[in-house]
$ cat query.cif   # mmCIF, C-alpha atoms and all ligand atoms
data_structure
#
loop_
_atom_site.label_atom_id
_atom_site.label_comp_id
_atom_site.auth_asym_id
_atom_site.auth_seq_id
_atom_site.Cartn_x
_atom_site.Cartn_y
_atom_site.Cartn_z
CA MET V 635 -0.70 56.02 -7.87
CA SER V 636 -4.07 57.69 -7.62
CA PRO V 637 -4.42 61.49 -7.63
CA ALA V 638 -5.91 63.26 -4.58
CA ARG V 639 -9.63 62.78 -4.18
CA VAL V 640 -12.56 64.42 -2.38
CA PRO V 641 -14.93 61.47 -1.79
CA LEU V 642 -18.35 62.25 -3.28
CA ILE V 643 -19.85 59.00 -4.55
CA LEU V 644 -20.75 55.61 -3.10
CA ARG V 645 -18.48 52.99 -4.64
CA PRO V 646 -18.42 50.47 -6.08
CA THR V 647 -21.71 51.22 -7.84
CA PRO V 648 -23.83 48.06 -8.18
CA LEU V 649 -23.18 45.61 -11.01
CA HIS V 650 -25.98 43.14 -11.61
CA ARG V 651 -27.51 40.88 -14.20
CA LEU V 652 -30.77 41.80 -15.94
CA ASP V 653 -32.44 38.40 -15.76
CA ARG V 654 -35.72 39.16 -17.47
CA ALA V 655 -34.17 41.32 -20.22
CA SER V 656 -31.54 38.60 -20.78
CA ALA V 657 -34.20 35.92 -21.15
CA VAL V 658 -36.27 37.99 -23.59
CA LEU V 659 -33.30 39.10 -25.71
CA GLY V 660 -31.50 35.74 -25.55
CA VAL V 661 -28.21 37.24 -24.32
CA ASP V 662 -26.37 37.55 -21.04
CA LEU V 663 -27.06 41.21 -20.20
CA TRP V 664 -25.68 43.05 -17.18
CA ILE V 665 -25.89 46.63 -15.96
CA LYS V 666 -23.47 48.92 -14.13
CA ARG V 667 -25.44 51.36 -12.02
CA ASP V 668 -23.71 54.74 -12.22
CA ASP V 669 -27.24 56.13 -12.03
CA LEU V 670 -26.81 55.14 -8.36
CA THR V 671 -23.56 56.99 -7.56
CA GLY V 672 -25.53 58.52 -4.71
CA PHE V 673 -24.25 62.07 -5.15
CA ALA V 674 -26.68 64.90 -6.05
CA LEU V 675 -29.14 62.38 -7.57
CA GLY V 676 -26.52 60.22 -9.25
CA GLY V 677 -24.77 60.02 -12.60
CA ASN V 678 -21.30 59.51 -14.01
CA LYS V 679 -20.03 63.05 -13.40
CA GLY V 680 -19.55 62.46 -9.67
CA ARG V 681 -16.62 60.20 -10.53
CA LYS V 682 -14.76 62.91 -12.43
CA LEU V 683 -15.58 65.60 -9.88
CA GLU V 684 -13.90 63.74 -7.02
CA PHE V 685 -10.51 64.33 -8.66
CA LEU V 686 -11.31 67.72 -10.19
CA VAL V 687 -12.53 69.22 -6.91
CA ALA V 688 -9.48 67.94 -5.01
CA ASP V 689 -7.26 69.59 -7.61
CA TRP V 690 -9.16 72.92 -7.40
CA MET V 691 -9.02 72.96 -3.61
CA ARG V 692 -5.30 72.28 -3.63
CA ARG V 693 -4.78 75.21 -6.01
CA GLY V 694 -7.02 77.59 -4.04
CA VAL V 695 -9.60 78.05 -6.81
CA GLU V 696 -12.29 80.55 -5.74
CA VAL V 697 -14.69 80.36 -8.66
CA VAL V 698 -15.32 77.69 -11.26
CA VAL V 699 -16.64 78.83 -14.63
CA SER V 700 -18.15 76.20 -16.93
CA CYS V 701 -20.81 75.93 -19.60
CA GLY V 702 -23.49 73.61 -20.95
CA ALA V 703 -27.14 73.14 -21.69
CA ALA V 704 -29.57 74.38 -19.02
CA HIS V 705 -30.51 70.71 -18.60
CA SER V 706 -26.93 69.50 -18.14
CA ASN V 707 -26.34 66.64 -15.73
CA PHE V 708 -22.77 67.86 -15.38
CA LEU V 709 -23.77 71.35 -14.21
CA ARG V 710 -26.06 69.81 -11.57
CA GLN V 711 -23.29 67.63 -10.15
CA LEU V 712 -20.68 70.39 -10.56
CA ALA V 713 -22.86 72.82 -8.59
CA ALA V 714 -23.17 70.29 -5.75
CA ALA V 715 -19.43 69.52 -5.72
CA CYS V 716 -18.60 73.24 -5.62
CA GLN V 717 -20.84 73.72 -2.59
CA ILE V 718 -19.02 70.92 -0.78
CA ALA V 719 -15.66 72.50 -1.66
CA GLY V 720 -16.76 76.06 -0.79
CA ILE V 721 -16.11 77.19 -4.38
CA ARG V 722 -18.49 79.48 -6.30
CA CYS V 723 -19.98 77.99 -9.46
CA GLU V 724 -20.88 80.04 -12.54
CA ALA V 725 -21.83 78.78 -15.96
CA ALA V 726 -22.63 80.09 -19.42
CA VAL V 727 -25.75 78.24 -20.53
CA MET V 728 -28.10 77.94 -23.49
CA VAL V 729 -31.35 76.05 -23.24
CA THR V 730 -30.35 73.85 -26.20
CA PRO V 731 -26.91 74.53 -27.72
CA PHE V 732 -26.46 72.82 -31.09
CA ASP V 733 -23.91 71.89 -33.73
CA GLN V 734 -23.84 74.44 -36.57
CA THR V 735 -23.06 71.87 -39.25
CA ALA V 736 -25.87 69.55 -38.17
CA GLY V 737 -28.18 72.56 -37.80
CA LYS V 738 -30.60 73.69 -35.10
CA PRO V 739 -33.11 70.90 -34.40
CA GLU V 740 -36.85 71.57 -34.34
CA PHE V 741 -37.55 71.15 -30.67
CA ASP V 742 -39.96 72.49 -28.10
CA ALA V 743 -37.38 72.78 -25.32
CA PRO V 744 -38.45 72.20 -21.71
CA GLY V 745 -38.42 75.08 -19.25
CA ARG V 746 -37.10 75.41 -15.69
CA SER V 747 -37.61 71.81 -14.60
CA GLY V 748 -35.41 68.69 -14.30
CA ASN V 749 -31.69 69.46 -14.00
CA TRP V 750 -32.18 73.18 -14.55
CA LEU V 751 -34.39 73.40 -11.46
CA LEU V 752 -31.95 71.34 -9.39
CA THR V 753 -28.87 73.31 -10.53
CA ASP V 754 -30.64 76.51 -9.45
CA GLN V 755 -31.45 74.96 -6.08
CA LEU V 756 -27.81 73.98 -5.70
CA GLY V 757 -26.87 77.65 -5.92
CA ALA V 758 -25.00 77.79 -9.22
CA HIS V 759 -25.08 81.15 -11.00
CA LEU V 760 -26.36 80.43 -14.52
CA HIS V 761 -25.80 83.11 -17.18
CA PHE V 762 -28.22 82.58 -20.07
CA TYR V 763 -27.53 83.22 -23.77
CA PRO V 764 -29.75 82.64 -26.81
CA ASP V 765 -29.39 79.17 -28.36
CA ASP V 766 -26.46 78.96 -30.75
CA ASP V 767 -23.52 76.77 -31.76
CA TRP V 768 -21.37 75.16 -29.02
CA GLU V 769 -18.34 77.24 -30.12
CA VAL V 770 -20.33 80.41 -29.38
CA LEU V 771 -21.16 79.01 -25.93
CA TYR V 772 -17.46 78.29 -25.25
CA GLY V 773 -16.77 81.93 -26.19
CA HIS V 774 -19.31 83.16 -23.60
CA MET V 775 -17.68 80.93 -20.98
CA GLU V 776 -14.25 82.48 -21.73
CA THR V 777 -15.70 85.99 -21.49
CA LEU V 778 -17.26 85.19 -18.10
CA ALA V 779 -13.98 83.73 -16.86
CA GLN V 780 -12.07 86.80 -18.04
CA MET V 781 -14.44 89.09 -16.12
CA ARG V 782 -13.82 87.13 -12.93
CA ARG V 783 -10.06 87.20 -13.46
CA GLU V 784 -10.18 90.95 -13.95
CA ALA V 785 -12.09 91.15 -10.66
CA GLY V 786 -9.01 89.57 -9.08
CA GLU V 787 -10.48 86.13 -8.41
CA ARG V 788 -8.73 82.78 -8.81
CA VAL V 789 -10.71 81.22 -11.64
CA GLU V 790 -10.84 77.70 -13.04
CA VAL V 791 -12.39 77.19 -16.47
CA VAL V 792 -13.97 73.74 -16.61
CA PRO V 793 -14.54 72.23 -20.05
CA VAL V 794 -18.00 71.00 -20.97
CA GLY V 795 -18.85 67.73 -19.22
CA GLY V 796 -15.70 67.97 -17.08
CA SER V 797 -13.75 66.00 -19.63
CA SER V 798 -10.01 66.13 -19.00
CA ALA V 799 -7.18 63.77 -18.10
CA LEU V 800 -8.38 63.60 -14.49
CA GLY V 801 -11.96 63.02 -15.65
CA ALA V 802 -10.86 60.15 -17.87
CA PHE V 803 -8.69 58.71 -15.11
CA ALA V 804 -11.84 58.37 -12.99
CA PHE V 805 -13.20 55.90 -15.57
CA VAL V 806 -9.98 53.88 -15.79
CA GLU V 807 -10.50 53.43 -12.07
CA ALA V 808 -14.24 52.77 -12.49
CA ALA V 809 -13.49 49.87 -14.87
CA GLU V 810 -11.54 48.23 -12.03
CA GLU V 811 -14.85 47.89 -10.14
CA LEU V 812 -16.10 45.28 -12.61
CA THR V 813 -16.00 41.81 -11.09
CA GLU V 814 -17.10 40.09 -14.34
CA THR V 815 -15.64 40.15 -17.83
CA PHE V 816 -17.73 41.17 -20.85
CA ASP V 817 -17.54 40.85 -24.63
CA GLN V 818 -19.04 44.28 -25.16
CA ILE V 819 -19.76 47.41 -23.09
CA PHE V 820 -22.43 49.88 -24.25
CA PHE V 821 -22.80 53.38 -22.85
CA ALA V 822 -23.82 56.92 -23.82
CA SER V 823 -20.83 58.95 -25.02
CA SER V 824 -20.56 62.71 -25.23
CA SER V 825 -17.71 64.83 -23.88
CA GLY V 826 -15.40 61.83 -23.72
CA SER V 827 -14.02 61.06 -20.26
CA THR V 828 -16.19 57.99 -19.88
CA GLN V 829 -15.14 56.52 -23.20
CA VAL V 830 -11.48 57.52 -22.92
CA GLY V 831 -11.23 55.98 -19.46
CA LEU V 832 -13.00 52.73 -20.32
CA ALA V 833 -11.23 52.35 -23.69
CA THR V 834 -7.88 52.93 -21.98
CA TYR V 835 -8.52 50.31 -19.33
CA PHE V 836 -9.71 47.72 -21.87
CA ALA V 837 -7.09 48.43 -24.55
CA GLY V 838 -5.80 45.04 -25.75
CA LYS V 839 -8.04 43.11 -23.30
CA GLY V 840 -10.61 41.75 -25.79
CA THR V 841 -13.65 43.65 -24.51
CA GLU V 842 -15.25 45.96 -27.08
CA VAL V 843 -15.89 49.42 -25.61
CA LEU V 844 -18.70 50.88 -27.71
CA GLY V 845 -19.78 54.48 -27.16
CA ILE V 846 -23.19 55.45 -28.48
CA ALA V 847 -22.83 59.08 -29.50
CA CYS V 848 -25.33 61.61 -28.16
CA ASP V 849 -23.85 64.50 -30.22
CA PRO V 850 -24.00 64.58 -34.03
CA GLU V 851 -20.30 65.50 -34.36
CA PRO V 852 -18.01 62.82 -35.84
CA GLU V 853 -14.97 64.97 -34.99
CA ILE V 854 -15.41 64.14 -31.27
CA ALA V 855 -13.16 61.10 -31.80
CA GLY V 856 -10.33 63.61 -32.36
CA ASP V 857 -11.21 65.35 -29.07
CA PHE V 858 -11.15 61.95 -27.35
CA ALA V 859 -7.64 61.31 -28.73
CA ALA V 860 -6.55 64.68 -27.29
CA ILE V 861 -7.91 63.73 -23.84
CA SER V 862 -6.17 60.37 -24.15
CA SER V 863 -2.88 62.03 -24.95
CA GLU V 864 -3.25 64.24 -21.83
CA LEU V 865 -4.05 61.14 -19.79
CA HIS V 866 -0.90 59.44 -21.11
CA THR V 867 1.17 62.49 -20.13
CA PHE V 868 -0.42 62.41 -16.67
CA ASN V 869 0.27 58.68 -16.29
CA PRO V 870 2.75 57.27 -18.84
CA ASP V 871 1.77 53.69 -17.89
CA LEU V 872 -1.55 54.28 -19.67
CA PRO V 873 -1.52 53.99 -23.48
CA ALA V 874 -2.23 57.04 -25.70
CA LEU V 875 -5.13 56.07 -27.99
CA ARG V 876 -5.73 57.48 -31.48
CA ALA V 877 -9.04 58.75 -32.87
CA GLU V 878 -9.53 55.47 -34.78
CA ASP V 879 -9.16 53.45 -31.55
CA PHE V 880 -12.50 54.78 -30.29
CA HIS V 881 -15.55 52.78 -31.35
CA LEU V 882 -18.42 55.25 -31.69
CA ASP V 883 -21.85 54.70 -33.23
CA PHE V 884 -23.55 57.91 -34.44
CA GLY V 885 -26.69 56.10 -35.59
CA TYR V 886 -28.84 56.90 -32.55
CA VAL V 887 -28.38 60.66 -32.02
CA GLY V 888 -31.81 61.35 -33.54
CA ASP V 889 -32.55 65.01 -34.29
CA GLY V 890 -29.69 66.38 -32.22
CA TYR V 891 -28.00 66.76 -28.85
CA GLY V 892 -30.49 67.25 -26.05
CA VAL V 893 -33.46 66.22 -28.19
CA PRO V 894 -35.25 62.99 -27.21
CA SER V 895 -35.53 60.39 -30.00
CA HIS V 896 -38.37 58.06 -30.82
CA ALA V 897 -36.13 54.99 -30.49
CA GLY V 898 -34.90 56.29 -27.13
CA THR V 899 -38.41 56.79 -25.78
CA GLU V 900 -39.24 53.25 -26.84
CA ALA V 901 -36.02 51.89 -25.27
CA ASN V 902 -36.82 53.56 -21.95
CA GLU V 903 -40.31 52.11 -21.97
CA TRP V 904 -38.89 48.67 -22.76
CA LEU V 905 -36.36 48.69 -19.91
CA VAL V 906 -38.82 50.15 -17.42
CA ARG V 907 -41.38 47.49 -18.23
CA HIS V 908 -38.92 44.60 -18.16
CA GLU V 909 -36.66 45.61 -15.28
CA GLY V 910 -38.13 48.65 -13.49
CA ILE V 911 -35.02 50.66 -14.37
CA PHE V 912 -35.42 54.16 -15.82
CA LEU V 913 -33.28 55.71 -18.56
CA ASP V 914 -32.91 59.42 -19.36
CA PRO V 915 -34.06 60.77 -22.74
CA ILE V 916 -30.84 62.65 -23.67
CA TYR V 917 -28.15 60.00 -23.13
CA THR V 918 -28.88 56.58 -21.71
CA ALA V 919 -32.13 55.93 -23.63
CA LYS V 920 -30.28 56.53 -26.92
CA ALA V 921 -27.50 54.16 -25.85
CA PHE V 922 -29.95 51.48 -24.79
CA ALA V 923 -31.85 51.94 -28.08
CA ALA V 924 -28.62 50.94 -29.86
CA LEU V 925 -28.30 47.85 -27.68
CA LEU V 926 -31.93 46.80 -28.27
CA ASP V 927 -31.61 47.37 -32.00
CA ARG V 928 -28.55 45.12 -32.22
CA ALA V 929 -30.16 42.48 -30.03
CA ARG V 930 -33.18 42.39 -32.36
CA LYS V 931 -30.91 42.06 -35.38
CA GLY V 932 -28.98 39.23 -33.67
CA LYS V 933 -25.84 41.40 -33.69
CA LEU V 934 -25.13 41.49 -29.96
CA ALA V 935 -22.16 39.67 -28.43
CA ASN V 936 -22.86 36.92 -25.85
CA LYS V 937 -22.09 38.69 -22.62
CA VAL V 938 -22.91 42.37 -22.68
CA LEU V 939 -22.69 45.20 -20.15
CA PHE V 940 -24.85 48.29 -20.28
CA TRP V 941 -23.09 51.04 -18.32
CA HIS V 942 -25.92 53.26 -17.00
CA THR V 943 -24.43 56.76 -16.76
CA GLY V 944 -27.41 58.41 -15.00
CA GLY V 945 -29.35 61.48 -16.13
CA ILE V 946 -32.57 60.59 -14.34
CA PRO V 947 -33.62 64.23 -13.56
CA SER V 948 -34.22 64.75 -17.31
CA LEU V 949 -37.21 62.41 -16.99
CA PHE V 950 -38.85 65.35 -15.23
CA ASN V 951 -38.24 67.87 -18.03
CA ALA V 952 -41.43 69.79 -18.59
C1 LIG V 1001 -22.38 63.34 -19.35
C2 LIG V 1001 -23.19 62.15 -19.53
C3 LIG V 1001 -22.79 61.14 -20.42
C4 LIG V 1001 -21.56 61.22 -21.25
O1 LIG V 1001 -20.37 61.13 -20.49
P1 LIG V 1001 -19.05 61.79 -21.05
O2 LIG V 1001 -17.99 61.38 -20.12
O3 LIG V 1001 -19.31 63.28 -21.05
O4 LIG V 1001 -18.85 61.32 -22.46
C5 LIG V 1001 -23.59 60.03 -20.54
N1 LIG V 1001 -24.74 59.92 -19.84
C6 LIG V 1001 -25.15 60.87 -18.98
C7 LIG V 1001 -26.42 60.65 -18.26
C8 LIG V 1001 -24.39 62.01 -18.80
O5 LIG V 1001 -24.82 62.96 -17.95
#
$ encode --input "query.cif" --output "structure tokens"
Amino acid sequence: MSPARVPLILRPTPLHRLDRASAVLGVDLWIKRDDLTGFALGGNKGRKLEFLVADWMRRGVEVVVSCGAAHSNFLRQLAAACQIAGIRCEAAVMVTPFDQTAGKPEFDAPGRSGNWLLTDQLGAHLHFYPDDDWEVLYGHMETLAQMRREAGERVEVVPVGGSSALGAFAFVEAAEELTETFDQIFFASSSGSTQVGLATYFAGKGTEVLGIACDPEPEIAGDFAAISSELHTFNPDLPALRAEDFHLDFGYVGDGYGVPSHAGTEANEWLVRHEGIFLDPIYTAKAFAALLDRARKGKLANKVLFWHTGGIPSLFNA
């Protein structure tokens, strides 16, 4: 049984073969177009938000408090979903939050353009803090939420990227849209709902679900296992996966989260010039760089799906 939903996206998103790319790479390459979800300029977060928003409305949530980078695709789509639901949206943001262990990357961060501009237009209230570690950002989010609670409002704290059991469930359902079977599925992986959902659906089915990490934090596999365990509690028919069940490649993060990589820039140019399809510099270009690299090394399976998760506004970061 499916949880309650507020319809936001156009489904199924298109699934089509990349004929020219397939011919050049010598593989059977397909693409799933979640860049074309049709909601607030597209992207994978619309899928999660359909279930999240329905849940918030049912519980009478008045204000949603989240966090992320100023250029977050999630905050853009969250802001739009909140407007549709009549819920206020506030977020703790840093221009480029980073992982303390990996260190702060050298990066000339873009200003109020791309997603940041759109999230402002969508009416979200962004509270800015100086760049720091993600844990510090989560702390600011909690403080904001506490202030709203003390003001007597019904507050929902939404984890970064909207990853949760409901978020992951959206991708179990998304996998059911595929009308072809594949040996391998490539996609950009970050907060985890996409990978948890797809890995859950394909568990034991012989399709490799390969997340290309966009954060330099190997411990995210543990976070994915925690989301999976919540998903299993929510729907006991779905298997609980362990950290080691998640196939993640950390080889394409580049200098850090939110920082474009050379290989990614090249991958975007390659796909644009072979298929007229754009990738974003933060997520999908890094994932497609991994696919191209394996294709060139002859390490790609025969029939491969690239799941395009969106992020197009970041092409306009200036
Ligand atoms: C959020 C996002 C991802 C990662 O999805 P998760 O479910 O958070 O792992 C990948 N690509 C784009 C464009 C995104 O915005």
$ residues_near_point --input "query.cif" --point "(-23.8, 78.2, -2.5)" --cutoff "7 Å" --atoms "only C-alpha atoms" --output "PyMOL selection string"
chain V and resi 717+722+756-758
$ residues_near_ligand --input "query.cif" --ligand "ligand LIG 1001 (chain V)" --cutoff "8 Å" --atoms "all atoms listed in the file" --output "number ranges by chain"
V: 669, 677-679, 706-708, 794-797, 801-802, 821-829, 848, 914, 916-918, 942-946
$ residues_near_point --input "query.cif" --point "(-23.6, 74.7, -13.0)" --cutoff "10 Å" --atoms "all atoms listed in the file" --output "PyMOL selection string"
chain V and resi 698-716+722-727+749-750+752-754+756-761
$ residues_around --input "query.cif" --residues "stretch 931-941 of chain V" --least-positions-apart "2" --cutoff "8 Å" --atoms "only C-alpha atoms" --output "PyMOL selection string"
chain V and resi 661-668+816-821+922+925+927-929+943
$ atom_distance --input "query.cif" --atom1 "atom CA of V:Pro731" --atom2 "atom CA of V:Leu771"
7.5 Å
$ residues_around --input "query.cif" --residues "V:Glu787" --least-positions-apart "4" --cutoff "7 Å" --atoms "all atoms listed in the file" --output "PyMOL selection string"
chain V and resi 696+782-783
$ closest_residue --input "query.cif" --among "V:Val843, V:Ala833, V:Val687, V:Met781" --to "V:Glu807" --atoms "all atoms listed in the file"
V:Ala833
$ atom_distance --input "query.cif" --atom1 "atom CA of V:Pro947" --atom2 "atom CA of V:Phe805"
22.1 Å
$ residues_around --input "query.cif" --residues "V:Phe884" --least-positions-apart "5" --cutoff "10 Å" --atoms "all atoms listed in the file" --output "short mmCIF file (atom, residue, chain, number, x, y, z; two decimals) with C-alpha atoms, in the coordinates of the input"
data_model
loop_
_atom_site.label_atom_id
_atom_site.label_comp_id
_atom_site.auth_asym_id
_atom_site.auth_seq_id
_atom_site.Cartn_x
_atom_site.Cartn_y
_atom_site.Cartn_z
CA SER V 823 -20.83 58.95 -25.02
CA GLY V 845 -19.78 54.48 -27.16
CA ILE V 846 -23.19 55.45 -28.48
CA ALA V 847 -22.83 59.08 -29.50
CA CYS V 848 -25.33 61.61 -28.16
CA ASP V 849 -23.85 64.50 -30.22
CA PRO V 850 -24.00 64.58 -34.03
CA GLU V 851 -20.30 65.50 -34.36
CA PRO V 852 -18.01 62.82 -35.84
CA ALA V 924 -28.62 50.94 -29.86
#
$ residues_around --input "query.cif" --residues "V:His908" --least-positions-apart "2" --cutoff "9 Å" --atoms "only C-alpha atoms" --output "MDAnalysis selection string"
chainID V and resid 652 654:655 658 903:906 910:911
$ closest_residue --input "query.cif" --among "V:Arg746, V:Arg788, V:Leu683, V:Gly890" --to "V:Gln734" --atoms "all atoms listed in the file"
V:Gly890
$ atom_distance --input "query.cif" --atom1 "atom CA of V:Ala638" --atom2 "atom CA of V:Gln755"
28.1 Å
$ closest_residue --input "query.cif" --among "V:Leu675, V:Val791, V:Leu913, V:Val830" --to "V:His774" --atoms "all atoms listed in the file"
V:Val791
$ residues_around --input "query.cif" --residues "V:Glu864" --least-positions-apart "3" --cutoff "6 Å" --atoms "all atoms listed in the file" --output "JSON, numbers by chain"
{"V": [799, 861, 867]}
$ axis_aligned_box --input "query.cif" --around "stretch 852-863 of chain V" --padding-each-side "3 Å" --output "lines of an AutoDock Vina configuration file"
center_x = -10.4
center_y = 62.9
center_z = -29.8
size_x = 21.1
size_y = 11.0
size_z = 18.0
